[in-house]
>>> print(open('upload-v5.txt').read())   # compact mmCIF, C-alpha atoms
# COMPACT_ATOMS: atom_id res chain seq x y z
CA MET A 1 -93.37 65.13 -20.99
CA PRO A 2 -95.92 63.95 -18.41
CA VAL A 3 -98.43 61.25 -19.25
CA SER A 4 -101.54 62.80 -20.84
CA SER A 5 -104.94 62.57 -19.18
CA LEU A 6 -106.24 60.07 -21.75
CA ILE A 7 -103.25 57.76 -21.36
CA LEU A 8 -102.96 57.78 -17.57
CA PRO A 9 -105.88 55.40 -16.83
CA ALA A 10 -104.54 52.74 -19.20
CA VAL A 11 -101.02 52.99 -17.78
CA GLY A 12 -102.36 52.64 -14.24
CA GLN A 13 -104.40 49.56 -15.13
CA LEU A 14 -101.42 47.91 -16.79
CA ALA A 15 -99.14 48.69 -13.86
CA SER A 16 -101.59 47.12 -11.41
CA PHE A 17 -102.02 44.08 -13.64
CA ALA A 18 -98.27 43.61 -14.01
CA SER A 19 -97.79 43.87 -10.24
CA TRP A 20 -100.52 41.26 -9.70
CA GLU A 21 -98.87 38.91 -12.21
CA ALA A 22 -95.46 39.39 -10.62
CA GLU A 23 -96.82 38.50 -7.18
CA LEU A 24 -98.34 35.25 -8.45
CA THR A 25 -95.49 33.85 -10.49
CA ALA A 26 -91.91 33.11 -9.51
CA ASP A 27 -90.58 32.80 -13.09
CA PRO A 28 -90.52 36.19 -14.92
CA ALA A 29 -90.85 34.46 -18.28
CA GLU A 30 -94.01 32.71 -17.13
CA ALA A 31 -95.42 36.01 -15.85
CA GLU A 32 -94.73 37.72 -19.16
CA SER A 33 -96.25 34.85 -21.11
CA ALA A 34 -99.41 34.84 -18.97
CA LEU A 35 -99.67 38.61 -19.27
CA VAL A 36 -99.40 38.61 -23.07
CA SER A 37 -101.90 35.77 -23.47
CA ARG A 38 -104.58 37.77 -21.67
CA LEU A 39 -103.75 41.10 -23.30
CA ARG A 40 -104.27 39.49 -26.70
CA GLN A 41 -107.99 39.55 -25.93
CA VAL A 42 -108.06 43.37 -26.01
CA PRO A 43 -109.33 44.51 -29.45
CA ASP A 44 -106.97 46.57 -31.62
CA ARG A 45 -108.63 49.70 -32.96
CA ARG A 46 -105.81 50.53 -35.36
CA ALA A 47 -106.05 49.99 -39.11
CA LYS A 48 -104.42 46.75 -40.24
CA ARG A 49 -102.42 48.54 -42.90
CA GLY A 50 -99.13 49.81 -41.53
CA ARG A 51 -99.48 47.98 -38.23
CA ARG A 52 -95.95 46.87 -37.28
CA HIS A 53 -96.26 46.02 -33.59
CA ALA A 54 -98.97 43.85 -32.03
CA LEU A 55 -101.23 45.56 -29.50
CA ALA A 56 -100.51 42.89 -26.87
CA VAL A 57 -96.78 43.57 -27.19
CA VAL A 58 -97.22 47.32 -26.71
CA LEU A 59 -99.43 46.74 -23.66
CA ALA A 60 -97.11 44.12 -22.17
CA LEU A 61 -94.07 46.38 -22.60
CA THR A 62 -95.98 49.23 -20.96
CA ALA A 63 -96.97 47.01 -18.05
CA CYS A 64 -93.43 45.75 -17.49
CA ALA A 65 -91.99 49.27 -17.72
CA THR A 66 -94.49 50.84 -15.32
CA LEU A 67 -93.85 48.02 -12.86
CA VAL A 68 -90.20 49.13 -12.72
CA ILE A 69 -90.25 52.90 -13.26
CA GLY A 70 -93.85 53.88 -12.53
CA GLY A 71 -96.17 55.81 -14.84
CA ASP A 72 -94.31 59.13 -14.84
CA SER A 73 -94.14 59.61 -18.60
CA ILE A 74 -94.43 57.80 -21.90
CA ALA A 75 -90.86 58.86 -22.71
CA ALA A 76 -89.58 57.05 -19.61
CA ILE A 77 -91.57 53.94 -20.52
CA TRP A 78 -90.14 53.96 -24.04
CA GLN A 79 -86.58 54.51 -22.77
CA TRP A 80 -86.89 51.53 -20.42
CA CYS A 81 -88.12 49.38 -23.29
CA THR A 82 -85.18 50.37 -25.51
CA ARG A 83 -82.82 49.16 -22.77
CA ALA A 84 -84.68 45.92 -22.12
CA PRO A 85 -82.70 42.71 -22.82
CA GLN A 86 -83.30 41.06 -26.17
CA ALA A 87 -84.27 37.80 -24.45
CA LYS A 88 -87.06 39.59 -22.55
CA LEU A 89 -88.33 41.25 -25.72
CA GLY A 90 -88.40 37.87 -27.42
CA ARG A 91 -90.44 36.27 -24.63
CA ILE A 92 -92.96 39.09 -24.81
CA GLY A 93 -93.30 38.59 -28.56
CA ALA A 94 -91.69 41.75 -29.93
CA ARG A 95 -91.24 42.12 -33.70
CA TYR A 96 -88.06 40.47 -34.98
CA ASP A 97 -85.90 42.10 -37.68
CA PRO A 98 -84.01 39.39 -39.64
CA LEU A 99 -81.63 41.98 -41.15
CA THR A 100 -80.28 43.14 -37.81
CA SER A 101 -81.10 39.91 -35.92
CA ARG A 102 -82.70 41.98 -33.16
CA TYR A 103 -86.12 42.40 -31.61
CA LEU A 104 -87.57 45.86 -32.25
CA VAL A 105 -89.19 48.21 -29.75
CA PRO A 106 -92.14 50.43 -30.79
CA SER A 107 -91.38 54.12 -31.08
CA GLU A 108 -92.42 56.62 -28.42
CA ARG A 109 -95.05 57.96 -30.81
CA THR A 110 -96.50 54.46 -31.18
CA PHE A 111 -96.79 54.10 -27.41
CA ARG A 112 -98.64 57.42 -27.16
CA ARG A 113 -101.00 56.70 -30.05
CA VAL A 114 -101.84 53.15 -28.92
CA LEU A 115 -102.45 54.01 -25.26
CA ALA A 116 -104.50 57.10 -26.10
CA GLY A 117 -106.79 55.12 -28.43
CA LEU A 118 -107.09 52.06 -26.23
CA ASP A 119 -110.49 50.55 -25.44
CA ALA A 120 -110.42 51.04 -21.66
CA THR A 121 -113.58 48.99 -21.12
CA ALA A 122 -112.10 45.99 -22.93
CA LEU A 123 -108.88 46.30 -20.94
CA ASP A 124 -110.92 46.41 -17.72
CA THR A 125 -112.81 43.30 -18.77
CA VAL A 126 -109.64 41.33 -19.52
CA THR A 127 -107.67 42.29 -16.43
CA CYS A 128 -110.51 42.18 -13.91
CA ALA A 129 -111.85 38.87 -15.22
CA TYR A 130 -108.59 37.21 -14.29
CA THR A 131 -108.46 38.65 -10.77
CA THR A 132 -112.12 37.73 -10.24
CA ASP A 133 -111.45 34.14 -11.35
CA LEU A 134 -108.60 34.00 -8.85
CA ALA A 135 -110.84 35.33 -6.08
CA ARG A 136 -113.53 32.74 -6.86
CA GLY A 137 -110.95 29.96 -7.02
CA ALA A 138 -111.60 29.28 -10.71
CA VAL A 139 -107.91 29.78 -11.52
CA ARG A 140 -105.07 28.07 -9.70
CA VAL A 141 -102.60 30.41 -8.04
CA PRO A 142 -99.00 29.33 -8.80
CA GLU A 143 -97.00 28.44 -5.72
CA ILE A 144 -93.95 30.64 -5.24
CA PRO A 145 -91.08 28.81 -3.54
CA ALA A 146 -89.66 30.41 -0.44
CA THR A 147 -86.41 32.27 -1.07
CA PRO A 148 -83.69 32.44 1.59
CA GLY A 149 -82.68 35.83 2.86
CA PRO A 150 -83.71 38.57 5.29
CA VAL A 151 -87.34 39.49 5.77
CA GLU A 152 -88.24 42.48 3.64
CA ARG A 153 -89.62 45.72 5.03
CA GLU A 154 -93.11 45.17 3.65
CA GLN A 155 -93.25 41.68 5.13
CA ARG A 156 -92.32 43.09 8.52
CA ARG A 157 -95.01 45.74 8.21
CA VAL A 158 -97.63 43.12 7.36
CA ALA A 159 -96.53 40.98 10.30
CA ARG A 160 -96.81 43.94 12.69
CA CYS A 161 -100.25 44.82 11.34
CA ALA A 162 -101.44 41.23 11.75
CA ALA A 163 -100.20 41.21 15.35
CA LYS A 164 -101.99 44.49 16.16
CA HIS A 165 -105.19 43.62 14.33
CA PRO A 166 -105.67 39.83 14.44
CA VAL A 167 -108.10 38.54 11.86
CA PRO A 168 -111.19 36.94 13.44
CA ASP A 169 -111.90 33.33 12.58
CA GLY A 170 -114.68 32.59 10.13
CA LEU A 171 -114.41 35.67 7.93
CA LEU A 172 -116.16 35.44 4.57
CA PRO A 173 -114.45 36.72 1.42
CA ALA A 174 -115.20 40.42 1.11
CA ALA A 175 -114.88 43.25 -1.39
CA ALA A 176 -115.13 47.01 -0.98
CA VAL A 177 -117.30 48.78 -3.54
CA ASP A 178 -116.65 52.49 -3.87
CA GLY A 179 -116.38 55.30 -6.39
CA LYS A 180 -113.35 57.46 -7.01
CA ALA A 181 -112.41 60.43 -9.16
CA LEU A 182 -109.42 59.47 -11.31
CA THR A 183 -106.54 61.82 -10.59
CA GLY A 184 -105.00 63.43 -13.65
CA ALA A 185 -107.62 62.11 -16.07
CA ARG A 186 -110.14 64.31 -17.86
CA THR A 187 -112.54 63.95 -20.76
CA GLN A 188 -114.51 66.49 -22.77
CA ASN A 189 -117.30 66.27 -20.17
CA GLY A 190 -115.01 66.85 -17.19
CA ARG A 191 -113.36 64.59 -14.61
CA VAL A 192 -113.37 60.80 -14.89
CA PHE A 193 -115.29 58.88 -12.20
CA LEU A 194 -114.91 55.14 -11.65
CA VAL A 195 -116.77 52.71 -9.44
CA GLY A 196 -114.85 49.58 -8.56
CA ALA A 197 -114.79 46.49 -6.36
CA VAL A 198 -111.55 45.73 -4.50
CA ASN A 199 -110.75 42.47 -2.73
CA HIS A 200 -110.26 43.09 1.02
CA ALA A 201 -107.61 40.41 1.35
CA SER A 202 -105.36 41.06 -1.65
CA GLY A 203 -106.24 44.59 -2.74
CA ALA A 204 -106.79 43.34 -6.29
CA VAL A 205 -109.37 45.16 -8.40
CA LEU A 206 -112.13 42.65 -9.15
CA GLY A 207 -113.96 44.96 -11.53
CA GLN A 208 -114.53 48.61 -12.31
CA ALA A 209 -116.64 50.77 -14.59
CA GLN A 210 -116.69 54.40 -15.61
CA VAL A 211 -119.68 56.52 -14.60
CA PRO A 212 -120.77 59.88 -16.04
CA ASP A 213 -120.64 61.60 -12.63
CA LYS A 214 -121.13 60.89 -8.94
CA ARG A 215 -124.93 60.85 -9.35
CA GLY A 216 -124.77 57.75 -11.52
CA GLU A 217 -122.57 55.79 -9.15
CA GLY A 218 -125.34 53.73 -7.57
CA GLU A 219 -126.67 52.27 -10.81
CA ALA A 220 -123.13 51.60 -12.05
CA ALA A 221 -122.32 49.76 -8.81
CA ARG A 222 -125.36 47.50 -9.17
CA THR A 223 -124.44 46.70 -12.77
CA LEU A 224 -120.88 45.93 -11.70
CA LEU A 225 -122.00 43.61 -8.90
CA THR A 226 -124.21 41.68 -11.31
CA GLN A 227 -121.29 41.17 -13.69
CA LEU A 228 -118.88 39.98 -10.98
CA ASP A 229 -120.93 36.91 -9.98
CA LEU A 230 -119.35 36.54 -6.53
CA THR A 231 -121.85 34.35 -4.71
CA GLY A 232 -121.48 34.24 -0.93
CA TRP A 233 -119.24 37.30 -0.69
CA VAL A 234 -119.60 40.28 1.64
CA PHE A 235 -119.79 43.70 -0.01
CA THR A 236 -118.92 46.76 2.07
CA MET A 237 -120.17 50.14 0.85
CA ASP A 238 -120.47 53.70 2.08
CA ALA A 239 -123.70 55.62 2.62
CA LEU A 240 -124.04 56.64 -1.03
CA HIS A 241 -124.82 53.01 -1.92
CA THR A 242 -127.20 52.40 0.99
CA THR A 243 -130.35 51.98 -1.08
CA THR A 244 -133.12 49.40 -1.04
CA LYS A 245 -132.37 48.46 -4.66
CA THR A 246 -128.76 47.61 -3.84
CA ALA A 247 -129.70 45.70 -0.69
CA ARG A 248 -132.32 43.60 -2.50
CA LEU A 249 -129.92 42.86 -5.35
CA ILE A 250 -127.15 41.64 -3.04
CA THR A 251 -129.34 39.48 -0.80
CA GLY A 252 -131.58 38.27 -3.63
CA PRO A 253 -130.17 37.38 -7.07
CA LEU A 254 -126.52 37.63 -5.98
CA ASN A 255 -127.04 35.46 -2.88
CA SER A 256 -124.44 37.47 -0.97
CA HIS A 257 -124.26 39.82 2.02
CA TYR A 258 -123.82 43.54 2.56
CA VAL A 259 -122.37 45.85 5.21
CA LEU A 260 -123.80 49.35 4.66
CA ILE A 261 -123.50 52.70 6.43
CA LEU A 262 -126.69 54.53 7.42
CA LYS A 263 -126.77 58.30 7.03
CA GLY A 264 -129.17 61.04 5.98
CA ASN A 265 -130.27 59.34 2.76
CA GLN A 266 -131.99 56.67 4.90
CA PRO A 267 -133.37 58.72 7.82
CA LEU A 268 -135.95 56.19 9.03
CA ALA A 269 -133.47 53.30 9.09
CA GLN A 270 -130.86 55.49 10.76
CA ALA A 271 -133.31 56.59 13.45
CA ALA A 272 -134.40 52.99 14.06
CA ALA A 273 -130.78 51.85 14.40
CA HIS A 274 -130.11 54.70 16.80
CA ARG A 275 -133.01 53.59 19.02
CA LEU A 276 -131.95 49.94 19.00
CA LEU A 277 -128.34 50.76 19.89
CA THR A 278 -128.92 53.44 22.53
CA GLY A 279 -128.26 52.37 26.10
CA ALA A 280 -125.64 51.79 28.75
CA ASP A 281 -122.49 49.88 27.86
CA ALA A 282 -123.51 47.18 30.35
CA ASP A 283 -126.53 46.37 28.18
CA PHE A 284 -124.30 45.51 25.20
CA THR A 285 -121.47 43.63 26.90
CA GLN A 286 -121.99 40.46 24.84
CA THR A 287 -122.30 42.32 21.53
CA THR A 288 -119.42 44.78 21.79
CA ALA A 289 -115.90 44.61 20.40
CA SER A 290 -113.09 47.15 20.65
CA GLU A 291 -109.56 47.51 19.33
CA GLU A 292 -106.84 50.15 19.46
CA SER A 293 -104.03 51.03 17.09
CA ARG A 294 -101.08 53.41 17.25
CA GLY A 295 -99.31 54.84 14.23
CA HIS A 296 -98.96 57.85 11.94
CA SER A 297 -98.56 60.09 15.04
CA ARG A 298 -101.97 59.21 16.41
CA THR A 299 -103.91 56.68 18.46
CA GLU A 300 -107.22 55.25 17.27
CA ARG A 301 -109.80 53.23 19.17
CA ARG A 302 -112.69 51.58 17.30
CA THR A 303 -115.61 50.31 19.37
CA ILE A 304 -118.57 48.58 17.77
CA ARG A 305 -121.83 47.35 19.30
CA THR A 306 -124.55 45.37 17.55
CA ALA A 307 -128.26 44.67 17.94
CA PRO A 308 -130.67 42.36 16.08
CA ALA A 309 -132.85 43.76 13.28
CA ASP A 310 -135.17 42.52 10.55
CA ASP A 311 -136.61 43.37 7.13
CA THR A 312 -138.86 46.06 8.55
CA LEU A 313 -135.78 48.22 9.13
CA PHE A 314 -134.04 47.54 5.79
CA PRO A 315 -134.33 44.82 3.11
CA GLY A 316 -132.42 41.72 4.18
CA ALA A 317 -131.24 43.25 7.46
CA THR A 318 -130.38 40.95 10.36
CA GLN A 319 -128.20 43.27 12.47
CA VAL A 320 -127.54 46.95 13.01
CA PHE A 321 -124.31 48.31 14.47
CA ARG A 322 -122.88 51.47 15.94
CA LEU A 323 -119.21 52.17 15.25
CA ARG A 324 -117.43 54.74 17.40
CA ARG A 325 -114.00 56.01 16.38
CA ASP A 326 -111.95 57.86 19.00
CA THR A 327 -108.71 59.45 17.83
CA GLY A 328 -105.98 61.18 19.80
CA ASN A 329 -102.27 61.76 20.07
CA LEU A 330 -99.62 59.32 21.19
CA ASP A 331 -99.89 60.63 24.78
CA ASP A 332 -103.30 58.94 25.13
CA GLU A 333 -105.17 62.25 24.95
CA TRP A 334 -108.39 61.73 22.98
CA THR A 335 -109.10 64.71 20.75
CA ALA A 336 -111.89 63.64 18.37
CA LYS A 337 -114.87 61.32 18.25
CA GLU A 338 -117.00 60.03 15.38
CA ILE A 339 -120.07 57.80 15.57
CA VAL A 340 -121.66 56.11 12.56
CA PHE A 341 -124.51 53.63 12.29
CA GLY A 342 -124.75 50.74 9.87
CA VAL A 343 -126.79 47.74 8.83
CA THR A 344 -125.81 44.30 7.61
CA SER A 345 -127.47 41.20 6.23
CA LEU A 346 -124.94 38.97 8.01
CA PRO A 347 -126.58 37.02 10.85
CA PRO A 348 -124.83 36.92 14.25
CA ASP A 349 -123.60 33.36 13.70
CA LEU A 350 -121.67 34.51 10.60
CA ALA A 351 -120.50 37.91 11.83
CA GLY A 352 -120.09 39.03 15.41
CA PRO A 353 -118.95 42.49 16.49
CA ALA A 354 -115.28 41.67 15.84
CA HIS A 355 -116.07 40.51 12.31
CA LEU A 356 -118.05 43.66 11.49
CA ASN A 357 -115.26 45.80 12.94
CA HIS A 358 -112.80 44.04 10.65
CA TYR A 359 -114.99 44.44 7.56
CA GLU A 360 -115.38 48.17 8.21
CA ARG A 361 -111.66 48.67 8.83
CA ALA A 362 -110.81 46.80 5.61
CA HIS A 363 -113.18 49.04 3.65
>>> encode(input="upload-v5.txt", output="structure tokens")
Amino acid sequence: MPVSSLILPAVGQLASFASWEAELTADPAEAESALVSRLRQVPDRRAKRGRRHALAVVLALTACATLVIGGDSIAAIWQWCTRAPQAKLGRIGARYDPLTSRYLVPSERTFRRVLAGLDATALDTVTCAYTTDLARGAVRVPEIPATPGPVEREQRRVARCAAKHPVPDGLLPAAAVDGKALTGARTQNGRVFLVGAVNHASGAVLGQAQVPDKRGEGEAARTLLTQLDLTGWVFTMDALHTTTKTARLITGPLNSHYVLILKGNQPLAQAAAHRLLTGADADFTQTTASEESRGHSRTERRTIRTAPADDTLFPGATQVFRLRRDTGNLDDEWTAKEIVFGVTSLPPDLAGPAHLNHYERAH
């Protein structure tokens, strides 16, 4: 039976958290121990009477199972747990039966009931707090010793990507803030919308929050940014979040920077950026950067030019940019063109055209 709409968000969060733990720790026992210690902070909504399995154990088993088999169904998660080695169950903290001298696994019904009634906000707080601490350097990342053997496929892909798109020197830590509709999840009021912040470098979710609908995404994003407390970071956002409130929050109390896209919701700023960036290519030679990529049966060329700006255009603005994306086939025939304008609070000495191109690509 497929995972129900109420359970799917929790399973996805646990799978991501387990993957993050596994990447940071070489010893599986240490990863399981660290996972359980943080999951113990999630409140248990069940009645104390008749409670046989600790909530942290159920969540840890779900995380370990989804890391291996994915989140296809609760039945598959339960079946994996029943086949798990006794030593692994003991490290996680499963309930021990002295009569059979074995560690017990919760029933499939228990998995369904616990995950369906889970406090998703509390789980978000626990998991995202750890990844945010790692991003800020408040938590030490364990060093994983190098293992002999052939280079894996993913490592080769990352190496090829780094060779095609070299990272400019002097990049600041950055996070992409965006809203998404959660696939397969539904409440009584309709689809589930989340707004989250994702680390550009690692892809780890630094924080997320549920919003009633797309119209409430802006306020939810500002609340989320305030809770993250990532001073000195760069936040990239799409046009929906290009508001004066968000810009003032990021450059003021948060003491950070933004890279925002200008569209129809800011017509005056968009028109001003268009005027500043209109001209011959020869006029922007020193403030232009371009890069090409080939893959997925297409060729893409991204060209960005910048111009100075100030607060009269947008709160905290120091530069505006024009990003042109040309796409075509592998025979170097260009078939489509897209031009977008943006604004950033990053001064030229912190972010040149190549830096802004990288921030936008990572978004």
>>> residues_around(input="upload-v5.txt", residues="stretch 314-331 of chain A", least_positions_apart="5", cutoff="6 Å", atoms="all atoms listed in the file", output="tab-separated table (two decimals) with C-alpha atoms, keeping the file's coordinate frame")
chain	number	residue	atom	x	y	z
A	298	ARG	CA	-101.97	59.21	16.41
A	299	THR	CA	-103.91	56.68	18.46
A	300	GLU	CA	-107.22	55.25	17.27
A	301	ARG	CA	-109.80	53.23	19.17
A	302	ARG	CA	-112.69	51.58	17.30
A	303	THR	CA	-115.61	50.31	19.37
A	304	ILE	CA	-118.57	48.58	17.77
A	305	ARG	CA	-121.83	47.35	19.30
A	306	THR	CA	-124.55	45.37	17.55
A	307	ALA	CA	-128.26	44.67	17.94
A	308	PRO	CA	-130.67	42.36	16.08
A	309	ALA	CA	-132.85	43.76	13.28
A	336	ALA	CA	-111.89	63.64	18.37
A	337	LYS	CA	-114.87	61.32	18.25
A	338	GLU	CA	-117.00	60.03	15.38
A	339	ILE	CA	-120.07	57.80	15.57
A	340	VAL	CA	-121.66	56.11	12.56
A	341	PHE	CA	-124.51	53.63	12.29
A	342	GLY	CA	-124.75	50.74	9.87
A	343	VAL	CA	-126.79	47.74	8.83
A	344	THR	CA	-125.81	44.30	7.61
A	345	SER	CA	-127.47	41.20	6.23
A	347	PRO	CA	-126.58	37.02	10.85
>>> residues_around(input="upload-v5.txt", residues="stretch 43-49 of chain A", least_positions_apart="5", cutoff="9 Å", atoms="all atoms listed in the file", output="ChimeraX atom specification")
/A:54-56,114,117-119,122-123
>>> atom_distance(input="upload-v5.txt", atom1="atom CA of A:Ala201", atom2="atom CA of A:Thr251")
21.9 Å
>>> residues_around(input="upload-v5.txt", residues="A:Asp97", least_positions_apart="6", cutoff="12 Å", atoms="only C-alpha atoms", output="JSON, numbers by chain")
{"A": [52, 53, 86, 90, 103, 104, 105]}
>>> closest_atom_pairs(input="upload-v5.txt", of="stretch 160-242 of chain A", to="stretch 253-257 of chain A", cutoff="8 Å", atoms="only C-alpha atoms", output="CSV")
residue,atom,partner,partner_atom,distance
A:Thr226,CA,A:Leu254,CA,7.1
A:Asp229,CA,A:Leu254,CA,6.9
A:Leu230,CA,A:Leu254,CA,7.3
A:Thr231,CA,A:Ser256,CA,5.5
A:Gly232,CA,A:Ser256,CA,4.4
A:Trp233,CA,A:Ser256,CA,5.2
A:Val234,CA,A:His257,CA,4.7
A:Phe235,CA,A:His257,CA,6.3
>>> atom_distance(input="upload-v5.txt", atom1="atom CA of A:Leu89", atom2="atom CA of A:Val57")
8.9 Å
>>> residues_near_point(input="upload-v5.txt", point="(-130.7, 48.5, -1.3)", cutoff="10 Å", atoms="all atoms listed in the file", output="list in words")
Gly218, Arg222, His241, Thr242, Thr243, Thr244, Lys245, Thr246, Ala247, Arg248, Leu249, Ile250, Thr251, Tyr258, Leu260, Phe314, Pro315 and Gly316 of chain A
>>> closest_residue(input="upload-v5.txt", among="A:His296, A:Arg91, A:Arg112, A:His200", to="A:His358", atoms="only C-alpha atoms")
A:His200
>>> residues_around(input="upload-v5.txt", residues="A:Asp178", least_positions_apart="6", cutoff="7 Å", atoms="only C-alpha atoms", output="list in words")
Val195, Gly196, Ala197 and Met237 of chain A
>>> atom_distance(input="upload-v5.txt", atom1="atom CA of A:Arg113", atom2="atom CA of A:Phe193")
23.0 Å
>>> axis_aligned_box(input="upload-v5.txt", around="stretch 224-242 of chain A", padding_each_side="5 Å", output="lines of an AutoDock Vina configuration file")
center_x = -123.0
center_y = 45.4
center_z = -5.5
size_x = 18.3
size_y = 32.4
size_z = 26.3
>>> residues_near_point(input="upload-v5.txt", point="(-122.8, 63.0, -9.0)", cutoff="12 Å", atoms="all atoms listed in the file", output="PyMOL selection string")
chain A and resi 179-181+190-195+211-220+240
>>> closest_residue(input="upload-v5.txt", among="A:Ala76, A:Ala176, A:Thr312, A:Leu67", to="A:Ala273", atoms="only C-alpha atoms")
A:Thr312
>>> closest_residue(input="upload-v5.txt", among="A:Val126, A:Ala120, A:Leu262, A:Ala282", to="A:Val36", atoms="only C-alpha atoms")
A:Val126
>>> closest_residue(input="upload-v5.txt", among="A:His274, A:Asp281, A:Gly352, A:Asp332", to="A:Arg294", atoms="all atoms listed in the file")
A:Asp332
>>> residues_around(input="upload-v5.txt", residues="A:Trp80", least_positions_apart="3", cutoff="10 Å", atoms="all atoms listed in the file", output="list in words")
Leu61, Thr62, Cys64, Ala65, Thr66, Val68, Ile69, Ile74, Ala75, Ala76, Ile77, Arg83 and Ala84 of chain A
>>> closest_residue(input="upload-v5.txt", among="A:Asn357, A:Gln208, A:Thr335, A:Ser293", to="A:Ala221", atoms="all atoms listed in the file")
A:Gln208
